[in-house]
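Raw structure_6.txt, compact mmCIF, N, CA and C atoms:
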# COMPACT_ATOMS: atom_id res chain seq x y z
N MET A 1 10.36 -3.77 32.93
CA MET A 1 10.24 -3.23 31.60
C MET A 1 9.66 -1.81 31.69
N ASN A 2 10.15 -0.92 30.84
CA ASN A 2 9.66 0.46 30.84
C ASN A 2 8.33 0.56 30.13
N ASP A 3 7.42 1.28 30.74
CA ASP A 3 6.14 1.58 30.08
C ASP A 3 6.32 2.86 29.30
N LEU A 4 6.16 2.78 27.98
CA LEU A 4 6.28 3.95 27.14
C LEU A 4 4.93 4.64 27.06
N GLN A 5 4.95 5.94 27.19
CA GLN A 5 3.75 6.74 27.07
C GLN A 5 3.95 7.72 25.92
N PHE A 6 2.94 7.90 25.12
CA PHE A 6 3.00 8.82 23.99
C PHE A 6 1.98 9.91 24.21
N ASP A 7 2.41 11.14 23.97
CA ASP A 7 1.54 12.29 24.19
C ASP A 7 0.53 12.49 23.08
N SER A 8 0.81 11.91 21.90
CA SER A 8 -0.10 12.09 20.79
C SER A 8 -0.03 10.88 19.86
N GLU A 9 -1.04 10.77 19.04
CA GLU A 9 -1.06 9.71 18.05
C GLU A 9 0.08 9.90 17.05
N MET A 10 0.40 11.15 16.72
CA MET A 10 1.49 11.44 15.79
C MET A 10 2.83 10.97 16.36
N GLU A 11 3.02 11.15 17.64
CA GLU A 11 4.26 10.70 18.29
C GLU A 11 4.38 9.18 18.18
N LEU A 12 3.29 8.47 18.40
CA LEU A 12 3.28 7.02 18.27
C LEU A 12 3.55 6.61 16.82
N TYR A 13 2.91 7.30 15.89
CA TYR A 13 3.12 7.02 14.47
C TYR A 13 4.60 7.16 14.11
N LYS A 14 5.22 8.23 14.57
CA LYS A 14 6.65 8.46 14.28
C LYS A 14 7.51 7.34 14.88
N ARG A 15 7.13 6.88 16.03
CA ARG A 15 7.89 5.80 16.68
C ARG A 15 7.76 4.49 15.90
N LEU A 16 6.61 4.28 15.28
CA LEU A 16 6.36 3.06 14.51
C LEU A 16 6.77 3.18 13.04
N LYS A 17 7.20 4.36 12.62
CA LYS A 17 7.53 4.62 11.22
C LYS A 17 8.52 3.62 10.62
N PRO A 18 9.57 3.20 11.29
CA PRO A 18 10.48 2.22 10.68
C PRO A 18 9.78 0.90 10.31
N ALA A 19 8.88 0.44 11.15
CA ALA A 19 8.13 -0.78 10.84
C ALA A 19 7.17 -0.54 9.68
N LEU A 20 6.54 0.63 9.66
CA LEU A 20 5.63 0.97 8.57
C LEU A 20 6.39 1.07 7.25
N THR A 21 7.59 1.61 7.29
CA THR A 21 8.43 1.71 6.09
C THR A 21 8.81 0.33 5.59
N THR A 22 9.13 -0.57 6.49
CA THR A 22 9.46 -1.94 6.11
C THR A 22 8.28 -2.62 5.43
N LYS A 23 7.08 -2.45 5.99
CA LYS A 23 5.89 -3.05 5.38
C LYS A 23 5.60 -2.40 4.03
N LYS A 24 5.81 -1.10 3.92
CA LYS A 24 5.61 -0.40 2.65
C LYS A 24 6.53 -0.99 1.58
N ARG A 25 7.77 -1.26 1.92
CA ARG A 25 8.71 -1.87 0.97
C ARG A 25 8.24 -3.25 0.53
N GLU A 26 7.67 -3.99 1.46
CA GLU A 26 7.11 -5.31 1.11
C GLU A 26 5.97 -5.14 0.11
N CYS A 27 5.11 -4.17 0.35
CA CYS A 27 4.00 -3.90 -0.58
C CYS A 27 4.53 -3.52 -1.95
N ASP A 28 5.58 -2.71 -1.99
CA ASP A 28 6.19 -2.32 -3.26
C ASP A 28 6.69 -3.55 -4.02
N ARG A 29 7.33 -4.47 -3.31
CA ARG A 29 7.89 -5.68 -3.94
C ARG A 29 6.82 -6.57 -4.55
N ILE A 30 5.63 -6.55 -3.96
CA ILE A 30 4.57 -7.41 -4.50
C ILE A 30 3.59 -6.62 -5.37
N ARG A 31 4.07 -5.51 -5.87
CA ARG A 31 3.34 -4.68 -6.84
C ARG A 31 2.08 -4.03 -6.29
N LEU A 32 2.14 -3.66 -5.05
CA LEU A 32 1.06 -2.89 -4.43
C LEU A 32 1.63 -1.52 -4.02
N GLN A 33 2.31 -0.87 -4.99
CA GLN A 33 3.03 0.36 -4.71
C GLN A 33 2.13 1.50 -4.23
N TYR A 34 0.86 1.44 -4.53
CA TYR A 34 -0.05 2.51 -4.14
C TYR A 34 -0.41 2.46 -2.66
N ILE A 35 -0.10 1.38 -1.98
CA ILE A 35 -0.36 1.31 -0.53
C ILE A 35 0.73 2.12 0.18
N SER A 36 0.30 3.09 0.96
CA SER A 36 1.24 3.97 1.66
C SER A 36 1.40 3.54 3.12
N GLU A 37 2.37 4.13 3.76
CA GLU A 37 2.55 3.89 5.19
C GLU A 37 1.31 4.31 5.96
N ALA A 38 0.71 5.41 5.53
CA ALA A 38 -0.52 5.89 6.19
C ALA A 38 -1.67 4.90 5.99
N ASP A 39 -1.73 4.27 4.82
CA ASP A 39 -2.77 3.26 4.57
C ASP A 39 -2.61 2.08 5.52
N ILE A 40 -1.38 1.66 5.71
CA ILE A 40 -1.09 0.53 6.62
C ILE A 40 -1.50 0.92 8.04
N TRP A 41 -1.08 2.09 8.48
CA TRP A 41 -1.42 2.62 9.80
C TRP A 41 -2.93 2.68 10.00
N ASN A 42 -3.62 3.28 9.03
CA ASN A 42 -5.07 3.45 9.15
C ASN A 42 -5.79 2.11 9.15
N TYR A 43 -5.35 1.17 8.33
CA TYR A 43 -5.97 -0.16 8.31
C TYR A 43 -5.85 -0.80 9.69
N LEU A 44 -4.66 -0.81 10.25
CA LEU A 44 -4.46 -1.44 11.56
C LEU A 44 -5.22 -0.71 12.65
N LYS A 45 -5.20 0.60 12.58
CA LYS A 45 -5.90 1.40 13.60
C LYS A 45 -7.39 1.09 13.59
N ARG A 46 -7.98 0.99 12.40
CA ARG A 46 -9.42 0.77 12.29
C ARG A 46 -9.84 -0.69 12.44
N ASN A 47 -9.00 -1.61 12.03
CA ASN A 47 -9.41 -3.00 11.95
C ASN A 47 -8.77 -3.94 12.98
N VAL A 48 -7.69 -3.51 13.58
CA VAL A 48 -7.00 -4.39 14.53
C VAL A 48 -6.92 -3.76 15.91
N TRP A 49 -6.45 -2.54 15.97
CA TRP A 49 -6.16 -1.93 17.26
C TRP A 49 -7.35 -1.25 17.91
N HIS A 50 -8.42 -0.98 17.18
CA HIS A 50 -9.54 -0.23 17.76
C HIS A 50 -10.21 -0.95 18.93
N LYS A 51 -10.09 -2.26 18.98
CA LYS A 51 -10.71 -3.03 20.06
C LYS A 51 -9.76 -3.25 21.24
N SER A 52 -8.52 -2.86 21.07
CA SER A 52 -7.49 -3.16 22.06
C SER A 52 -7.27 -2.00 23.03
N SER A 53 -6.81 -2.37 24.19
CA SER A 53 -6.39 -1.36 25.15
C SER A 53 -5.04 -1.79 25.71
N ASN A 54 -4.27 -0.81 26.14
CA ASN A 54 -2.93 -1.07 26.68
C ASN A 54 -2.05 -1.84 25.70
N LEU A 55 -2.08 -1.43 24.45
CA LEU A 55 -1.23 -2.07 23.45
C LEU A 55 0.24 -1.81 23.78
N GLU A 56 1.05 -2.81 23.58
CA GLU A 56 2.48 -2.63 23.75
C GLU A 56 3.11 -2.34 22.40
N LEU A 57 4.15 -1.55 22.40
CA LEU A 57 4.82 -1.15 21.17
C LEU A 57 5.28 -2.38 20.40
N SER A 58 5.80 -3.37 21.09
CA SER A 58 6.29 -4.58 20.41
C SER A 58 5.15 -5.32 19.71
N ASN A 59 3.97 -5.33 20.29
CA ASN A 59 2.82 -5.97 19.65
C ASN A 59 2.37 -5.19 18.42
N MET A 60 2.45 -3.88 18.51
CA MET A 60 2.07 -3.06 17.37
C MET A 60 3.05 -3.26 16.21
N VAL A 61 4.33 -3.33 16.52
CA VAL A 61 5.34 -3.60 15.49
C VAL A 61 5.07 -4.96 14.87
N HIS A 62 4.79 -5.94 15.68
CA HIS A 62 4.47 -7.28 15.18
C HIS A 62 3.27 -7.24 14.25
N ASP A 63 2.23 -6.52 14.64
CA ASP A 63 1.03 -6.40 13.80
C ASP A 63 1.37 -5.77 12.45
N ILE A 64 2.20 -4.74 12.47
CA ILE A 64 2.59 -4.07 11.23
C ILE A 64 3.34 -5.03 10.32
N LEU A 65 4.30 -5.74 10.88
CA LEU A 65 5.15 -6.60 10.07
C LEU A 65 4.44 -7.85 9.57
N THR A 66 3.37 -8.24 10.23
CA THR A 66 2.70 -9.49 9.84
C THR A 66 1.34 -9.29 9.15
N VAL A 67 0.88 -8.06 9.06
CA VAL A 67 -0.42 -7.83 8.42
C VAL A 67 -0.32 -8.25 6.95
N ASP A 68 -1.39 -8.84 6.46
CA ASP A 68 -1.46 -9.31 5.08
C ASP A 68 -1.73 -8.11 4.16
N PRO A 69 -0.79 -7.78 3.27
CA PRO A 69 -1.00 -6.64 2.37
C PRO A 69 -2.27 -6.76 1.52
N SER A 70 -2.67 -7.98 1.20
CA SER A 70 -3.88 -8.13 0.38
C SER A 70 -5.12 -7.67 1.13
N LYS A 71 -5.13 -7.76 2.46
CA LYS A 71 -6.27 -7.27 3.24
C LYS A 71 -6.32 -5.74 3.20
N ILE A 72 -5.16 -5.10 3.24
CA ILE A 72 -5.11 -3.64 3.12
C ILE A 72 -5.59 -3.25 1.73
N ASP A 73 -5.12 -3.97 0.72
CA ASP A 73 -5.51 -3.73 -0.67
C ASP A 73 -7.03 -3.84 -0.83
N GLN A 74 -7.62 -4.90 -0.31
CA GLN A 74 -9.06 -5.10 -0.40
C GLN A 74 -9.83 -3.98 0.28
N THR A 75 -9.34 -3.56 1.43
CA THR A 75 -9.99 -2.48 2.17
C THR A 75 -9.94 -1.18 1.40
N LEU A 76 -8.79 -0.87 0.81
CA LEU A 76 -8.66 0.36 0.02
C LEU A 76 -9.58 0.32 -1.20
N LYS A 77 -9.63 -0.82 -1.87
CA LYS A 77 -10.49 -0.95 -3.05
C LYS A 77 -11.96 -0.83 -2.68
N ALA A 78 -12.35 -1.42 -1.58
CA ALA A 78 -13.74 -1.32 -1.13
C ALA A 78 -14.09 0.12 -0.78
N LYS A 79 -13.16 0.82 -0.17
CA LYS A 79 -13.39 2.22 0.18
C LYS A 79 -13.60 3.05 -1.08
N LEU A 80 -12.78 2.81 -2.10
CA LEU A 80 -12.92 3.54 -3.37
C LEU A 80 -14.25 3.22 -4.04
N GLU A 81 -14.65 1.97 -4.01
CA GLU A 81 -15.92 1.58 -4.63
C GLU A 81 -17.11 2.24 -3.94
N ASN A 82 -16.99 2.47 -2.65
CA ASN A 82 -18.10 3.04 -1.88
C ASN A 82 -18.13 4.56 -1.88
N GLU A 83 -17.07 5.18 -2.37
CA GLU A 83 -17.03 6.63 -2.40
C GLU A 83 -18.05 7.17 -3.40
N ILE A 84 -18.66 8.25 -3.01
CA ILE A 84 -19.54 8.95 -3.93
C ILE A 84 -18.68 9.98 -4.65
N ARG A 85 -18.65 9.86 -5.97
CA ARG A 85 -17.81 10.75 -6.74
C ARG A 85 -18.67 11.78 -7.46
N ALA A 86 -18.23 13.01 -7.41
CA ALA A 86 -18.93 14.08 -8.11
C ALA A 86 -18.60 14.00 -9.59
N PRO A 87 -19.56 14.33 -10.42
CA PRO A 87 -19.29 14.30 -11.87
C PRO A 87 -18.29 15.40 -12.23
N GLU A 88 -17.47 15.11 -13.22
CA GLU A 88 -16.54 16.12 -13.71
C GLU A 88 -17.30 17.11 -14.59
N LEU A 89 -17.11 18.38 -14.32
CA LEU A 89 -17.76 19.44 -15.08
C LEU A 89 -16.70 20.19 -15.86
N ASN A 90 -16.96 20.43 -17.13
CA ASN A 90 -15.99 21.16 -17.96
C ASN A 90 -16.12 22.64 -17.79
Could you write out this structure as structure tokens?
Amino acid sequence: MNDLQFDSEMELYKRLKPALTTKKRECDRIRLQYISEADIWNYLKRNVWHKSSNLELSNMVHDILTVDPSKIDQTLKAKLENEIRAPELN
């Protein structure tokens, strides 16, 4: 089997984009349209892949396709709740 090497995180992201797009469509169907491909990527990067080494592309695709959208939703909502927002000034 060929070992794929990526020169940058962006290159890897582009390679995984079709799977991210598929998951984004799933989120749209279940009325979570505000979840973006980048949100899915960032959730997995921070919560699933950060502990892993030597990840295989097929495993990453599997993770993308099987991640529970409600967990991404909860993470995004928690992040918004924890943000410090500046007051609006007229």
For A:Thr66, which of A:Leu16, A:Val48, A:Lys23, A:Ile30 is the closest residue, counting all atoms listed in the file?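 Residue with the minimum atom-to-atom distance to A:Thr66: A:Lys23.
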Among chain A, which ones does DSSP place in alpha helix (DSSP H), written as number ranges by chain? A: 9-29, 37-47, 57-66, 69-82
Can you measure atom C of A:Gln74 to atom N of A:Lys14 for me? One decimal in Å is fine.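 Here the two named atoms are 24.1 Å from each other.
A straight line drawn from atom CA of A:His50 to atom CA of A:Arg31 is 28.1 Å long.
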Shortest interatomic distance to A:Ala19 - which of A:Leu57, A:Leu76, A:Leu65, A:Ile35, counting all atoms listed in the file: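 Checking each candidate against A:Ala19, we get A:Leu65 as the closest.
In this structure, atom CA of A:Cys27 sits 21.1 Å away from atom CA of A:Ser58.
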Env of A:Tyr43: 8 Å cut, atoms = only N, CA and C atoms, seq-sep filter 5 positions within chain, self excluded. Answer as a PyMOL selection string. chain A and resi 37-38+48-50+71-72+75
From the options A:Tyr34, A:Tyr13, A:Ser52, A:Thr22, which residue's atoms come nearest to A:Ile64, counting only N, CA and C atoms? A:Thr22
Using only N, CA and C atoms: which of A:Glu81, A:Asp73, A:Glu11, A:Glu56 has the shortest distance to A:Leu32: A:Asp73
Can you list, as a short mmCIF file (atom, residue, chain, number, x, y, z; two decimals) with N, CA and C atoms, keeping the file's coordinate frame, every protein, DNA or RNA residue that comes within 12 Å of A:Leu12 when you count only C-alpha atoms, leaving out same-chain residues fewer than 5 positions away?
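Output (around-v6.cif):
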data_model
loop_
_atom_site.label_atom_id
_atom_site.label_comp_id
_atom_site.auth_asym_id
_atom_site.auth_seq_id
_atom_site.Cartn_x
_atom_site.Cartn_y
_atom_site.Cartn_z
N LEU A 4 6.16 2.78 27.98
CA LEU A 4 6.28 3.95 27.14
C LEU A 4 4.93 4.64 27.06
N GLN A 5 4.95 5.94 27.19
CA GLN A 5 3.75 6.74 27.07
C GLN A 5 3.95 7.72 25.92
N PHE A 6 2.94 7.90 25.12
CA PHE A 6 3.00 8.82 23.99
C PHE A 6 1.98 9.91 24.21
N ASP A 7 2.41 11.14 23.97
CA ASP A 7 1.54 12.29 24.19
C ASP A 7 0.53 12.49 23.08
N LYS A 17 7.20 4.36 12.62
CA LYS A 17 7.53 4.62 11.22
C LYS A 17 8.52 3.62 10.62
N PRO A 18 9.57 3.20 11.29
CA PRO A 18 10.48 2.22 10.68
C PRO A 18 9.78 0.90 10.31
N ALA A 19 8.88 0.44 11.15
CA ALA A 19 8.13 -0.78 10.84
C ALA A 19 7.17 -0.54 9.68
N LEU A 20 6.54 0.63 9.66
CA LEU A 20 5.63 0.97 8.57
C LEU A 20 6.39 1.07 7.25
N TRP A 41 -1.08 2.09 8.48
CA TRP A 41 -1.42 2.62 9.80
C TRP A 41 -2.93 2.68 10.00
N LYS A 45 -5.20 0.60 12.58
CA LYS A 45 -5.90 1.40 13.60
C LYS A 45 -7.39 1.09 13.59
N LEU A 55 -2.08 -1.43 24.45
CA LEU A 55 -1.23 -2.07 23.45
C LEU A 55 0.24 -1.81 23.78
N GLU A 56 1.05 -2.81 23.58
CA GLU A 56 2.48 -2.63 23.75
C GLU A 56 3.11 -2.34 22.40
N LEU A 57 4.15 -1.55 22.40
CA LEU A 57 4.82 -1.15 21.17
C LEU A 57 5.28 -2.38 20.40
N MET A 60 2.45 -3.88 18.51
CA MET A 60 2.07 -3.06 17.37
C MET A 60 3.05 -3.26 16.21
N VAL A 61 4.33 -3.33 16.52
CA VAL A 61 5.34 -3.60 15.49
C VAL A 61 5.07 -4.96 14.87
#
